[in-house]
Every structure is written in structure tokens, then in C-alpha cells.
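**Q** This is work-v3.cif, which holds mmCIF, C-alpha atoms:
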data_query
#
loop_
_atom_site.label_atom_id
_atom_site.label_comp_id
_atom_site.auth_asym_id
_atom_site.auth_seq_id
_atom_site.Cartn_x
_atom_site.Cartn_y
_atom_site.Cartn_z
CA MET B 124 -37.31 16.62 77.95
CA SER B 125 -35.35 19.69 79.01
CA LEU B 126 -36.12 20.84 82.52
CA THR B 127 -35.19 24.03 84.30
CA LEU B 128 -35.08 24.49 88.04
CA ARG B 129 -35.48 27.69 90.00
CA THR B 130 -36.49 29.08 93.39
CA ILE B 131 -40.25 29.54 93.59
CA SER B 132 -42.55 31.45 95.93
CA ARG B 133 -44.46 29.70 98.69
CA GLU B 134 -47.70 30.49 96.86
CA GLN B 135 -46.48 28.71 93.72
CA HIS B 136 -45.23 25.81 95.80
CA LEU B 137 -48.54 25.43 97.66
CA ALA B 138 -50.59 25.72 94.46
CA TYR B 139 -48.53 22.89 92.95
CA ILE B 140 -48.99 20.64 96.02
CA GLN B 141 -52.74 21.37 95.96
CA SER B 142 -52.91 20.24 92.32
CA LEU B 143 -51.67 16.74 93.26
CA PRO B 144 -53.63 13.79 94.69
CA ALA B 145 -51.24 13.79 97.69
CA ALA B 146 -47.71 14.63 98.86
CA SER B 147 -45.76 14.24 102.09
CA HIS B 148 -46.65 16.67 104.87
CA MET B 149 -42.89 17.39 105.03
CA GLN B 150 -42.99 18.81 101.51
CA VAL B 151 -45.63 21.50 102.04
CA PRO B 152 -44.24 25.06 102.28
CA ALA B 153 -45.49 25.49 105.88
CA TRP B 154 -43.22 22.64 107.03
CA ALA B 155 -40.39 25.19 106.74
CA ASP B 156 -42.03 27.18 109.58
CA VAL B 157 -42.31 24.05 111.71
CA LYS B 158 -38.57 23.48 111.27
CA ALA B 159 -37.75 27.08 112.16
CA GLU B 160 -34.13 26.30 113.11
CA TRP B 161 -33.34 25.42 109.46
CA ARG B 162 -33.09 27.86 106.58
CA SER B 163 -35.51 26.87 103.83
CA GLU B 164 -36.18 27.24 100.12
CA SER B 165 -38.92 26.13 97.73
CA LEU B 166 -37.71 24.75 94.39
CA GLY B 167 -39.73 24.29 91.22
CA TRP B 168 -39.03 22.23 88.11
CA PHE B 169 -40.37 23.60 84.81
CA ASP B 170 -40.74 21.95 81.41
CA LYS B 171 -39.97 23.79 78.18
CA THR B 172 -43.51 25.20 77.94
CA GLY B 173 -42.90 26.87 81.30
CA GLN B 174 -45.30 24.64 83.21
CA MET B 175 -44.32 23.55 86.72
CA VAL B 176 -43.89 19.77 86.81
CA GLY B 177 -42.23 19.24 90.21
CA ALA B 178 -41.50 20.93 93.53
CA GLY B 179 -39.28 20.44 96.53
CA LEU B 180 -38.91 21.90 100.01
CA VAL B 181 -35.23 22.15 100.96
CA LEU B 182 -34.14 22.64 104.56
CA TYR B 183 -30.59 23.93 105.10
CA ARG B 184 -28.76 23.15 108.34
CA GLN B 185 -25.54 25.09 108.86
CA LEU B 186 -22.35 23.31 109.93
CA PRO B 187 -20.94 24.61 113.23
CA LYS B 188 -18.53 27.53 112.67
CA ILE B 189 -18.56 27.57 108.84
CA LYS B 190 -20.93 28.88 106.20
CA ARG B 191 -21.63 25.49 104.61
CA TYR B 192 -24.87 23.57 104.77
CA LEU B 193 -26.45 20.17 104.76
CA ALA B 194 -29.39 20.43 102.31
CA TYR B 195 -32.25 18.12 103.25
CA LEU B 196 -35.43 17.30 101.33
CA PRO B 197 -37.50 15.19 103.76
CA GLU B 198 -39.72 12.69 101.89
CA GLY B 199 -39.03 14.63 98.72
CA PRO B 200 -38.62 16.16 96.24
CA VAL B 201 -42.08 15.80 94.69
CA ILE B 202 -41.08 14.88 91.14
CA ASN B 203 -41.73 12.10 88.64
CA TRP B 204 -39.44 9.49 90.18
CA TYR B 205 -40.17 6.98 87.44
CA ALA B 206 -39.11 9.35 84.66
CA PRO B 207 -36.64 7.64 82.30
CA ASN B 208 -34.43 10.77 82.50
CA LEU B 209 -34.08 11.00 86.29
CA GLU B 210 -30.65 12.69 85.84
CA ASP B 211 -32.38 15.63 84.14
CA TRP B 212 -34.37 16.18 87.33
CA LEU B 213 -31.61 15.69 89.89
CA GLN B 214 -28.51 17.20 88.23
CA PRO B 215 -29.93 20.77 88.13
CA MET B 216 -31.00 20.34 91.77
CA LEU B 217 -27.48 19.33 92.84
CA ALA B 218 -25.95 22.22 90.88
CA HIS B 219 -28.36 24.69 92.49
CA LEU B 220 -27.81 23.37 96.02
CA LYS B 221 -24.04 23.50 95.57
CA GLN B 222 -24.38 27.17 94.55
CA GLN B 223 -26.36 27.75 97.74
CA GLY B 224 -23.40 26.53 99.82
CA ALA B 225 -24.47 22.92 100.41
CA PHE B 226 -21.65 20.44 101.06
CA SER B 227 -24.01 17.46 101.15
CA VAL B 228 -27.57 16.71 100.01
CA LYS B 229 -29.94 14.30 101.69
CA MET B 230 -33.30 13.32 100.23
CA GLY B 231 -36.01 10.72 100.77
CA PRO B 232 -37.63 9.57 97.51
CA PRO B 233 -41.34 8.94 98.24
CA VAL B 234 -41.10 5.64 96.39
CA VAL B 235 -42.48 2.39 97.84
CA ILE B 236 -40.42 -0.67 97.00
CA ARG B 237 -42.36 -3.49 98.77
CA ARG B 238 -45.60 -4.07 100.66
CA TRP B 239 -46.69 -6.82 103.05
CA ASP B 240 -50.34 -7.36 103.93
CA ALA B 241 -51.44 -8.14 107.50
CA ASN B 242 -51.62 -11.91 106.85
CA ALA B 243 -48.07 -12.05 105.52
CA ILE B 244 -46.80 -10.15 108.60
CA LYS B 245 -48.76 -12.40 111.00
CA GLY B 246 -47.25 -15.42 109.25
CA GLY B 247 -43.79 -13.92 109.77
CA ILE B 248 -44.45 -13.26 113.46
CA ALA B 249 -45.64 -16.87 113.92
CA ASP B 250 -42.54 -18.31 112.23
CA ALA B 251 -39.72 -18.67 114.78
CA ASP B 252 -37.06 -18.58 112.03
CA VAL B 253 -38.20 -15.18 110.77
CA LYS B 254 -36.63 -12.26 112.60
CA ARG B 255 -37.21 -9.36 110.21
CA LEU B 256 -39.90 -8.07 107.91
CA ARG B 257 -37.51 -8.28 104.96
CA ASP B 258 -37.27 -12.07 105.50
CA VAL B 259 -41.00 -12.36 104.78
CA GLU B 260 -42.16 -12.85 101.19
CA PRO B 261 -43.70 -9.46 100.19
CA THR B 262 -47.29 -9.33 98.95
CA PHE B 263 -46.35 -6.68 96.39
CA ILE B 264 -43.07 -5.61 94.77
CA GLU B 265 -42.61 -2.45 92.67
CA PRO B 266 -39.98 -3.34 90.02
CA ARG B 267 -39.65 0.32 88.96
CA ALA B 268 -38.43 1.20 92.45
CA PHE B 269 -35.36 -1.03 91.96
CA GLU B 270 -34.63 0.84 88.73
CA VAL B 271 -34.81 4.16 90.60
CA ALA B 272 -32.30 2.83 93.18
CA ASP B 273 -29.95 1.67 90.39
CA LYS B 274 -30.11 5.05 88.66
CA LEU B 275 -29.37 6.88 91.93
CA ARG B 276 -26.33 4.69 92.58
CA ARG B 277 -25.02 5.26 89.06
CA MET B 278 -25.40 9.03 89.57
CA GLY B 279 -23.27 8.85 92.73
CA TRP B 280 -25.99 8.93 95.39
CA GLN B 281 -25.14 6.79 98.41
CA GLN B 282 -27.09 4.66 100.78
CA GLY B 283 -25.63 2.89 103.82
CA GLU B 284 -25.85 -0.82 104.51
CA ASP B 285 -28.83 -0.34 106.74
CA GLY B 286 -30.67 1.87 104.30
CA GLY B 287 -29.49 5.26 105.50
CA ALA B 288 -26.10 6.44 104.37
CA GLY B 289 -24.23 8.97 106.39
CA PHE B 290 -26.56 10.31 109.00
CA GLY B 291 -28.82 7.24 109.16
CA ASP B 292 -32.41 7.47 108.00
CA VAL B 293 -34.08 10.41 109.69
CA GLN B 294 -37.56 9.46 108.45
CA PRO B 295 -38.89 5.93 108.90
CA ARG B 296 -38.11 3.54 106.07
CA TYR B 297 -40.91 1.15 107.08
CA VAL B 298 -44.41 2.49 107.67
CA PHE B 299 -47.82 0.97 108.27
CA GLN B 300 -50.78 2.07 106.14
CA VAL B 301 -54.48 1.28 105.90
CA PRO B 302 -55.60 1.64 102.25
CA LEU B 303 -59.03 3.31 101.96
CA ALA B 304 -59.52 3.78 98.22
CA ASN B 305 -62.45 1.82 96.75
CA ARG B 306 -63.35 0.28 100.10
CA SER B 307 -66.36 0.59 102.36
CA LEU B 308 -65.97 1.47 106.05
CA GLU B 309 -67.59 -1.89 106.87
CA ASP B 310 -64.83 -3.60 104.92
CA VAL B 311 -62.14 -1.64 106.82
CA HIS B 312 -63.73 -2.56 110.16
CA LYS B 313 -64.11 -6.20 109.14
CA ASN B 314 -60.39 -6.33 108.40
CA PHE B 315 -59.45 -5.36 111.95
CA ASN B 316 -58.35 -8.37 113.96
CA GLN B 317 -60.59 -9.73 116.69
CA LEU B 318 -58.68 -8.00 119.47
CA TRP B 319 -59.07 -4.58 117.81
CA ARG B 320 -62.80 -5.07 117.22
CA ARG B 321 -63.23 -6.25 120.81
CA ASN B 322 -61.27 -3.27 122.16
CA ILE B 323 -63.31 -0.78 120.11
CA LYS B 324 -66.47 -2.31 121.56
CA LYS B 325 -65.01 -2.29 125.06
CA ALA B 326 -64.21 1.43 124.80
CA GLU B 327 -67.71 2.15 123.55
CA LYS B 328 -69.27 0.20 126.42
CA ALA B 329 -67.07 1.98 128.97
CA GLY B 330 -68.28 5.32 127.63
CA VAL B 331 -65.03 6.51 126.02
CA GLU B 332 -65.72 9.56 123.89
CA VAL B 333 -63.40 10.78 121.16
CA VAL B 334 -63.38 14.54 120.60
CA GLN B 335 -61.39 17.01 118.51
CA GLY B 336 -59.37 19.68 120.27
CA GLY B 337 -57.91 23.05 119.23
CA TYR B 338 -54.81 25.14 119.84
CA GLU B 339 -55.94 25.88 123.41
CA ASP B 340 -55.89 22.12 124.18
CA LEU B 341 -52.24 21.59 123.27
CA ALA B 342 -51.20 21.87 126.94
CA THR B 343 -53.45 18.86 127.73
CA TRP B 344 -51.85 17.05 124.80
CA GLN B 345 -48.37 17.91 126.08
CA HIS B 346 -49.12 16.52 129.54
CA LEU B 347 -50.12 13.11 128.08
CA TYR B 348 -47.23 13.19 125.62
CA GLU B 349 -44.67 13.76 128.39
CA ILE B 350 -46.11 10.87 130.42
CA THR B 351 -45.71 8.70 127.29
CA ALA B 352 -42.13 9.91 126.74
CA GLU B 353 -41.17 8.95 130.28
CA ARG B 354 -42.82 5.55 129.98
CA ASP B 355 -41.34 4.75 126.55
CA LYS B 356 -37.98 6.39 127.31
CA PHE B 357 -37.74 8.94 124.49
CA ARG B 358 -36.99 12.66 124.62
CA PRO B 359 -40.21 14.63 124.15
CA ARG B 360 -40.50 17.68 121.94
CA PRO B 361 -41.43 20.88 123.83
CA LEU B 362 -44.95 22.33 123.83
CA SER B 363 -43.68 25.23 121.69
CA TYR B 364 -42.94 22.76 118.86
CA PHE B 365 -46.56 21.59 118.68
CA GLN B 366 -47.86 25.16 119.01
CA ARG B 367 -45.64 26.20 116.11
CA MET B 368 -46.73 23.15 114.11
CA TRP B 369 -50.41 23.94 114.69
CA THR B 370 -50.06 27.62 113.79
CA ALA B 371 -47.86 27.05 110.73
CA LEU B 372 -49.77 24.14 109.19
CA ASN B 373 -53.29 25.40 109.88
CA SER B 374 -52.60 28.91 108.65
CA GLU B 375 -51.54 27.33 105.34
CA ASP B 376 -54.63 25.12 105.23
CA PRO B 377 -57.24 25.17 108.04
CA ASN B 378 -57.60 21.41 107.75
CA ARG B 379 -53.89 20.47 107.69
CA MET B 380 -53.51 19.42 111.35
CA ARG B 381 -56.04 18.04 113.83
CA LEU B 382 -55.87 17.09 117.48
CA TYR B 383 -57.89 14.23 118.97
CA PHE B 384 -58.58 13.19 122.56
CA ALA B 385 -60.09 10.02 123.97
CA VAL B 386 -62.02 11.13 127.05
CA HIS B 387 -63.26 8.85 129.84
CA GLU B 388 -65.35 10.21 132.73
CA GLY B 389 -64.35 13.76 131.86
CA GLU B 390 -60.61 13.02 131.71
CA ALA B 391 -58.45 12.94 128.57
CA VAL B 392 -56.62 9.60 128.72
CA ALA B 393 -55.21 9.38 125.17
CA ALA B 394 -54.43 11.91 122.45
CA ALA B 395 -53.13 12.05 118.90
CA THR B 396 -52.25 14.51 116.17
CA MET B 397 -53.40 13.99 112.60
CA LEU B 398 -52.01 15.56 109.41
CA ILE B 399 -53.82 15.86 106.09
CA VAL B 400 -52.39 16.57 102.61
CA GLY B 401 -54.80 15.78 99.81
CA GLY B 402 -55.81 12.13 99.97
CA HIS B 403 -53.03 11.14 102.37
CA VAL B 404 -53.82 11.27 106.10
CA TRP B 405 -51.23 10.59 108.81
CA TYR B 406 -51.53 9.69 112.45
CA SER B 407 -48.38 11.57 113.42
CA TYR B 408 -47.94 11.68 117.21
CA GLY B 409 -49.73 9.62 119.86
CA ALA B 410 -49.88 9.80 123.64
CA SER B 411 -51.68 8.04 126.48
CA ALA B 412 -51.95 8.08 130.26
CA ASN B 413 -50.57 5.28 132.45
CA HIS B 414 -54.00 4.54 133.91
CA LYS B 415 -57.39 3.59 132.41
CA ARG B 416 -55.71 1.54 129.72
CA GLU B 417 -58.31 -1.14 130.27
CA VAL B 418 -61.01 1.07 128.67
CA ARG B 419 -58.97 0.95 125.43
CA PRO B 420 -58.91 4.67 124.59
CA SER B 421 -56.23 4.29 121.88
CA ASN B 422 -58.27 1.81 119.83
CA ALA B 423 -61.36 4.04 120.08
CA MET B 424 -59.34 7.07 119.00
CA GLN B 425 -57.76 5.31 116.00
CA TRP B 426 -61.14 4.08 114.81
CA ARG B 427 -62.58 7.60 115.01
CA MET B 428 -59.55 9.07 113.17
CA LEU B 429 -59.82 6.40 110.49
CA ARG B 430 -63.52 7.15 110.01
CA ASP B 431 -62.79 10.88 109.78
CA ALA B 432 -60.03 10.23 107.25
CA TYR B 433 -62.48 8.16 105.24
CA ALA B 434 -65.10 10.96 105.42
CA LEU B 435 -62.46 13.39 104.07
CA GLY B 436 -62.11 11.14 101.02
CA ALA B 437 -58.63 9.93 101.99
CA THR B 438 -57.12 7.12 99.92
CA VAL B 439 -54.73 6.07 102.68
CA TYR B 440 -54.60 6.31 106.48
CA ASP B 441 -50.93 6.25 107.43
CA LEU B 442 -49.89 5.08 110.90
CA ARG B 443 -46.28 6.12 110.17
CA GLY B 444 -43.18 4.33 111.34
CA ILE B 445 -42.62 0.74 112.41
CA GLY B 446 -39.39 -1.14 113.02
CA ASP B 447 -38.70 -4.07 110.73
CA SER B 448 -38.06 -6.50 113.60
CA LEU B 449 -40.58 -9.32 114.07
CA ASP B 450 -38.77 -10.55 117.17
CA GLU B 451 -41.04 -10.36 120.22
CA SER B 452 -38.14 -9.40 122.49
CA ASP B 453 -37.42 -6.29 120.38
CA HIS B 454 -38.57 -3.05 122.05
CA LEU B 455 -40.26 -1.91 118.81
CA PHE B 456 -42.21 -5.14 118.35
CA GLY B 457 -45.26 -3.84 120.25
CA LEU B 458 -45.62 -1.07 117.68
CA ILE B 459 -45.94 -3.39 114.68
CA GLN B 460 -48.19 -5.71 116.68
CA PHE B 461 -50.58 -2.84 117.53
CA LYS B 462 -50.64 -1.51 113.95
CA VAL B 463 -51.00 -4.87 112.22
CA GLY B 464 -54.29 -5.29 114.10
CA THR B 465 -55.82 -2.66 111.79
CA GLY B 466 -55.58 -5.15 108.92
CA GLY B 467 -53.54 -2.70 106.85
CA GLU B 468 -50.16 -3.25 105.23
CA ALA B 469 -46.52 -2.50 105.89
CA ALA B 470 -44.72 -0.51 103.20
CA GLU B 471 -40.99 -0.19 102.68
CA TYR B 472 -39.75 3.04 101.11
CA LEU B 473 -36.48 3.41 99.22
CA GLY B 474 -34.98 5.05 102.29
CA GLU B 475 -32.89 8.19 102.42
CA TRP B 476 -30.00 8.93 100.05
CA ASP B 477 -26.98 11.21 100.37
CA PHE B 478 -24.93 13.02 97.76
CA PRO B 479 -21.62 14.36 99.12
CA LEU B 480 -20.87 17.55 97.17
CA ASN B 481 -17.76 17.99 99.33
CA LYS B 482 -16.48 14.58 100.42
CA LEU B 483 -14.27 15.92 103.20
CA LEU B 484 -17.01 17.93 104.92
CA HIS B 485 -19.51 15.10 104.38
CA LYS B 486 -17.13 12.71 106.16
CA ALA B 487 -16.57 15.21 108.98
CA LEU B 488 -20.32 15.55 109.53
CA ASP B 489 -20.66 11.77 109.49
CA ILE B 490 -18.13 11.46 112.29
CA TYR B 491 -19.74 14.32 114.23
CA MET B 492 -23.22 12.73 113.96
CA SER B 493 -22.00 9.28 115.00
CA ARG B 494 -20.50 10.72 118.22
CA ARG B 495 -23.66 12.59 119.27
#
Spell out the structure here as C-alpha cells.
**A**
Amino acid sequence: MSLTLRTISREQHLAYIQSLPAASHMQVPAWADVKAEWRSESLGWFDKTGQMVGAGLVLYRQLPKIKRYLAYLPEGPVINWYAPNLEDWLQPMLAHLKQQGAFSVKMGPPVVIRRWDANAIKGGIADADVKRLRDVEPTFIEPRAFEVADKLRRMGWQQGEDGGAGFGDVQPRYVFQVPLANRSLEDVHKNFNQLWRRNIKKAEKAGVEVVQGGYEDLATWQHLYEITAERDKFRPRPLSYFQRMWTALNSEDPNRMRLYFAVHEGEAVAAATMLIVGGHVWYSYGASANHKREVRPSNAMQWRMLRDAYALGATVYDLRGIGDSLDESDHLFGLIQFKVGTGGEAAEYLGEWDFPLNKLLHKALDIYMSRR
């Protein structure tokens, strides 16, 4: 199969994404506008009949002081990763990116390698000898994913010991998902653990209402998000980032990004953003106040978002990143504990891979990133 690769228009790129059952929200053309500080390009792969068979959003970040770039395809490219001739897909991409001045390429194949259902994870948490998710017997293994990893290594792609070569994984390698395909909502609700079901009821009894917001409500979102950042000790993104995200994504597709609030006695006490691409729905950012936690606004909000995702015909509701530590003293443990209550499953992706087109500059960037 001979493939050609060339720069495509945003319209072509979007039309291709819309023809698929799903793709990462970081591979839609509008994501380039969200990441305005990067230069961007849409790439298309064509078969010999001239039909587009793959697409990729590339973000270029310039190195300080010189005209050379890191080329990054977050959770992409969107190609046939299980193709026997993977080289035929990736070699033209590397050649093209090198021509564009890239000294290093980073990509995140959207390929799941293992899954663990909620029971397997709970078993791991209960076992004192188990410290990490990878020490738990997976419920599902995708043998083809190991073949993809082998092919990438043979082609010269690199991955660090911990899964992210060079700059460390930028996107989460482990995520938590609730599968929705061929299931009833009753079944989804029944699979929640007791605590989740109790908390949803508690929120209902307390009169928590979950409502959708619009662009004009982003300031309310930001207020809750900054409270959360202070509490959880992370650096918050500015309001302008979420305004840009809203404008960019929703002008591409009016149903690409949603904003939810859990309201109690007229006050917004929790909030979340939701992203939609085809049948894949993500809970992307979450925030909550320091008070009124006892009325369980976050559980109520997740249940509403899950129901809305289901009504949209989603096949998966994705709660995004988790750490792989099952150790209760780990600061990320609370995250997996909260998400596992939904009765979904943890998924491990292949992680991010680097291809140094210029080994010297790649090494220099590595050192620069590790000192930041």
C-alpha cells in the first residue's frame, strides 16, 4: 500500500475527523487555536486512489533562540496503528516534519495496551503487597499493541523507562473510562459502588441542581477552579485559556465543549468542563468549593454528565488521567479511588514516543526540560 502525505486544509481535516466514530479532542483542527502559542499544521495521508485514510494535528514549539522546532502530535496521529506496514505511515511523516525544521518528534499513539475493571482495581487496593496498577493482573490485554510498540522501537522511536522518553509523558498514560456501548443507563448506575449511589441520592435530597453554563459563566468556573488549584497545589490555567478553548472548540462544532455547574441554594459549588468528539466524551477539567462538600455536588454532576453523554449516543465516558499508584499514602490515590467508584475501567495507553531527528538538539532540550 503506497501512501502519500501532505498538508491539508482545516476543512479537509475536520471532515475526516467527522467521518470517524471518534478521535482525541487534541486531534481536531480547532485544538490548534486552543494551543495558540504553538505553530500548527494539519497533515493528511492518502492512498493511491487519492482517498484520505489518516490525519494528524501537529503542534510546533520553537526552541529558544534558533529556528528549530519540537513537533508534537498529542494523542495522535489518527491513522491505522495496526497496519502491517506502519513504516509506510510514519516514515513520510518524519521526512515531512524534518523538512519543516523539526529536530525532534513526539507523538502519543491512541492505542490501549491493557484494561483493568473496577473489581480488579479494588482487589489491588485491598492487597497490601500491590503498590501499582501494573502489578495487578489486567482484565484485558491487546496483543496487537505490543506489536505496535516493537515496530516503533525497531524504527528508532524511543520511550523512557517510565513510559515517556525525553520530556516525560505530557498526556496521561493511564486513564479511567466508563464504557457505555450496548449498556442501559440502569446498568451503568447499578455498577456504581454503594458510596457513589448513596452520594448521588444525598445530593438529590439536599436539593443540588446540575445546570449547563455558557461562555458568560466561565468567570464563575474560574473562581471555583482557582480555589481547587490552591487546595490541590497545582498551577491553574488563566481564564483566557478557557475562554479561548470555548470559542475555538465551539465555533468548530457547537457541541464540542460544555460547562456544567452543581448548584446548591443558588450557589455554584462544583463545576466541570466536558468535551465531545463523535462517540467519545471526556470530563476534562473539574473544580469544587471548599465548603458544602457534604451535599456531594461532584457525584451529582458526574452522574448528570454521564447521562448526557449517554443521551448523545456516546460509546465511552472518559474521566481522563489517573496515577498508577494504588498506595493509599500517594497524593494521587484519591483520584483513582473516586473514579473507580463509577464501576468503569482503567486503561493504559502505549504512552508517548520520541523520534530525535537531530540527536544533539534533542539531548539539549531534554536537559533544558529536566531543569525547569
**Q** Please report as a Markdown table every residue of region 200-317 of chain B lying within 12 Å of region 137-144 of chain B, along with the nearest atom pair and their distance in Å (one decimal), using only C-alpha atoms.
**A**
| residue | atom | partner | partner_atom | distance |
| --- | --- | --- | --- | --- |
| B:Pro200 | CA | B:Ile140 | CA | 11.3 |
| B:Val201 | CA | B:Ile140 | CA | 8.5 |
| B:Ile202 | CA | B:Ile140 | CA | 10.9 |
| B:Asn203 | CA | B:Leu143 | CA | 11.9 |
**Q** I'd like to know which of B:Phe456, B:Trp154, B:Trp280, B:Tyr338 is closest to Trp369 (chain B), using all atoms listed in the file.
**A**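 Answer, going by the shortest atom-to-atom distance: B:Tyr338.
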**Q** As an exercise, work out the distance from CA of Trp204 (chain B) to CA of Leu372 (chain B) in Å and give it to one decimal place.
**A**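 That distance, rounded to one decimal, is 26.1 Å.
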**Q** Any chance you could resolve the PyMOL selection byres ((chain B and resi 451-454) around 12) against this file and give the residues as a PyMOL selection string?
**A** chain B and resi 247-251+253-255+355-356+445-450+455-460
**Q** List the spatial neighbours of region 468-476 of chain B as a list of chain:residue names - criterion: any atom at most 6 Å away, all atoms listed in the file, same-chain residues fewer than 2 positions off excluded.
**A**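 The filter keeps B:Lys229, B:Met230, B:Gly231, B:Val234, B:Val235, B:Ile236, B:Arg237, B:Arg238, B:Trp239, B:Asp240, B:Ala241, B:Gln281, B:Gln282, B:Gly286, B:Gly287, B:Asp292, B:Arg296, B:Tyr297, B:Val298, B:Phe299, B:Gln300.
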**Q** Would you save the residues from that selection as an mmCIF file, in the coordinates of the input, using C-alpha atoms?
**A**
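For reference, out-v2.cif as written:
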data_model
loop_
_atom_site.group_PDB
_atom_site.id
_atom_site.type_symbol
_atom_site.label_atom_id
_atom_site.label_comp_id
_atom_site.auth_asym_id
_atom_site.auth_seq_id
_atom_site.Cartn_x
_atom_site.Cartn_y
_atom_site.Cartn_z
ATOM 1 C CA LYS B 229 -29.940 14.300 101.690
ATOM 2 C CA MET B 230 -33.300 13.320 100.230
ATOM 3 C CA GLY B 231 -36.010 10.720 100.770
ATOM 4 C CA VAL B 234 -41.100 5.640 96.390
ATOM 5 C CA VAL B 235 -42.480 2.390 97.840
ATOM 6 C CA ILE B 236 -40.420 -0.670 97.000
ATOM 7 C CA ARG B 237 -42.360 -3.490 98.770
ATOM 8 C CA ARG B 238 -45.600 -4.070 100.660
ATOM 9 C CA TRP B 239 -46.690 -6.820 103.050
ATOM 10 C CA ASP B 240 -50.340 -7.360 103.930
ATOM 11 C CA ALA B 241 -51.440 -8.140 107.500
ATOM 12 C CA GLN B 281 -25.140 6.790 98.410
ATOM 13 C CA GLN B 282 -27.090 4.660 100.780
ATOM 14 C CA GLY B 286 -30.670 1.870 104.300
ATOM 15 C CA GLY B 287 -29.490 5.260 105.500
ATOM 16 C CA ASP B 292 -32.410 7.470 108.000
ATOM 17 C CA ARG B 296 -38.110 3.540 106.070
ATOM 18 C CA TYR B 297 -40.910 1.150 107.080
ATOM 19 C CA VAL B 298 -44.410 2.490 107.670
ATOM 20 C CA PHE B 299 -47.820 0.970 108.270
ATOM 21 C CA GLN B 300 -50.780 2.070 106.140
#
**Q** Pick from B:Arg321, B:Arg494, B:Ala352, B:Ala437: nearest to Arg306 (chain B), with only C-alpha atoms counted?
**A**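 Going through B:Arg321, B:Arg494, B:Ala352, B:Ala437 one by one, the smallest distance to Arg306 (chain B) is for B:Ala437.
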**Q** To verify the selection step, state as a PDB file with C-alpha atoms, in the frame of the given file which residues the PyMOL selection byres ((chain B and resi 157-168) around 10) yields on this input.
**A**
ATOM      1  CA  LEU B 126     -36.120  20.840  82.520  1.00  0.00           C
ATOM      2  CA  THR B 127     -35.190  24.030  84.300  1.00  0.00           C
ATOM      3  CA  LEU B 128     -35.080  24.490  88.040  1.00  0.00           C
ATOM      4  CA  ARG B 129     -35.480  27.690  90.000  1.00  0.00           C
ATOM      5  CA  THR B 130     -36.490  29.080  93.390  1.00  0.00           C
ATOM      6  CA  ILE B 131     -40.250  29.540  93.590  1.00  0.00           C
ATOM      7  CA  SER B 132     -42.550  31.450  95.930  1.00  0.00           C
ATOM      8  CA  ARG B 133     -44.460  29.700  98.690  1.00  0.00           C
ATOM      9  CA  GLU B 134     -47.700  30.490  96.860  1.00  0.00           C
ATOM     10  CA  GLN B 135     -46.480  28.710  93.720  1.00  0.00           C
ATOM     11  CA  HIS B 136     -45.230  25.810  95.800  1.00  0.00           C
ATOM     12  CA  LEU B 137     -48.540  25.430  97.660  1.00  0.00           C
ATOM     13  CA  TYR B 139     -48.530  22.890  92.950  1.00  0.00           C
ATOM     14  CA  MET B 149     -42.890  17.390 105.030  1.00  0.00           C
ATOM     15  CA  GLN B 150     -42.990  18.810 101.510  1.00  0.00           C
ATOM     16  CA  VAL B 151     -45.630  21.500 102.040  1.00  0.00           C
ATOM     17  CA  PRO B 152     -44.240  25.060 102.280  1.00  0.00           C
ATOM     18  CA  ALA B 153     -45.490  25.490 105.880  1.00  0.00           C
ATOM     19  CA  TRP B 154     -43.220  22.640 107.030  1.00  0.00           C
ATOM     20  CA  ALA B 155     -40.390  25.190 106.740  1.00  0.00           C
ATOM     21  CA  ASP B 156     -42.030  27.180 109.580  1.00  0.00           C
ATOM     22  CA  PHE B 169     -40.370  23.600  84.810  1.00  0.00           C
ATOM     23  CA  ASP B 170     -40.740  21.950  81.410  1.00  0.00           C
ATOM     24  CA  GLY B 173     -42.900  26.870  81.300  1.00  0.00           C
ATOM     25  CA  GLN B 174     -45.300  24.640  83.210  1.00  0.00           C
ATOM     26  CA  MET B 175     -44.320  23.550  86.720  1.00  0.00           C
ATOM     27  CA  VAL B 176     -43.890  19.770  86.810  1.00  0.00           C
ATOM     28  CA  GLY B 177     -42.230  19.240  90.210  1.00  0.00           C
ATOM     29  CA  ALA B 178     -41.500  20.930  93.530  1.00  0.00           C
ATOM     30  CA  GLY B 179     -39.280  20.440  96.530  1.00  0.00           C
ATOM     31  CA  LEU B 180     -38.910  21.900 100.010  1.00  0.00           C
ATOM     32  CA  VAL B 181     -35.230  22.150 100.960  1.00  0.00           C
ATOM     33  CA  LEU B 182     -34.140  22.640 104.560  1.00  0.00           C
ATOM     34  CA  TYR B 183     -30.590  23.930 105.100  1.00  0.00           C
ATOM     35  CA  ARG B 184     -28.760  23.150 108.340  1.00  0.00           C
ATOM     36  CA  GLN B 185     -25.540  25.090 108.860  1.00  0.00           C
ATOM     37  CA  TYR B 192     -24.870  23.570 104.770  1.00  0.00           C
ATOM     38  CA  LEU B 193     -26.450  20.170 104.760  1.00  0.00           C
ATOM     39  CA  ALA B 194     -29.390  20.430 102.310  1.00  0.00           C
ATOM     40  CA  TYR B 195     -32.250  18.120 103.250  1.00  0.00           C
ATOM     41  CA  LEU B 196     -35.430  17.300 101.330  1.00  0.00           C
ATOM     42  CA  PRO B 200     -38.620  16.160  96.240  1.00  0.00           C
ATOM     43  CA  VAL B 201     -42.080  15.800  94.690  1.00  0.00           C
ATOM     44  CA  ILE B 202     -41.080  14.880  91.140  1.00  0.00           C
ATOM     45  CA  TRP B 212     -34.370  16.180  87.330  1.00  0.00           C
ATOM     46  CA  PRO B 215     -29.930  20.770  88.130  1.00  0.00           C
ATOM     47  CA  MET B 216     -31.000  20.340  91.770  1.00  0.00           C
ATOM     48  CA  HIS B 219     -28.360  24.690  92.490  1.00  0.00           C
ATOM     49  CA  TYR B 364     -42.940  22.760 118.860  1.00  0.00           C
ATOM     50  CA  PHE B 365     -46.560  21.590 118.680  1.00  0.00           C
ATOM     51  CA  GLN B 366     -47.860  25.160 119.010  1.00  0.00           C
ATOM     52  CA  ARG B 367     -45.640  26.200 116.110  1.00  0.00           C
ATOM     53  CA  MET B 368     -46.730  23.150 114.110  1.00  0.00           C
ATOM     54  CA  TRP B 369     -50.410  23.940 114.690  1.00  0.00           C
ATOM     55  CA  THR B 370     -50.060  27.620 113.790  1.00  0.00           C
ATOM     56  CA  ALA B 371     -47.860  27.050 110.730  1.00  0.00           C
ATOM     57  CA  LEU B 372     -49.770  24.140 109.190  1.00  0.00           C
TER      58      LEU B 372
END
**Q** Please indicate the distance in Å from CA of Gly224 (chain B) to CA of Leu186 (chain B), rounded to one decimal place.
**A**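 Separating CA of Gly224 (chain B) from CA of Leu186 (chain B) is a distance of 10.7 Å.
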**Q** When distances are computed from all atoms listed in the file, which of B:Leu347, B:Val334, B:Met424, B:Ala432 shows the smallest separation from Trp405 (chain B)?
**A** B:Ala432
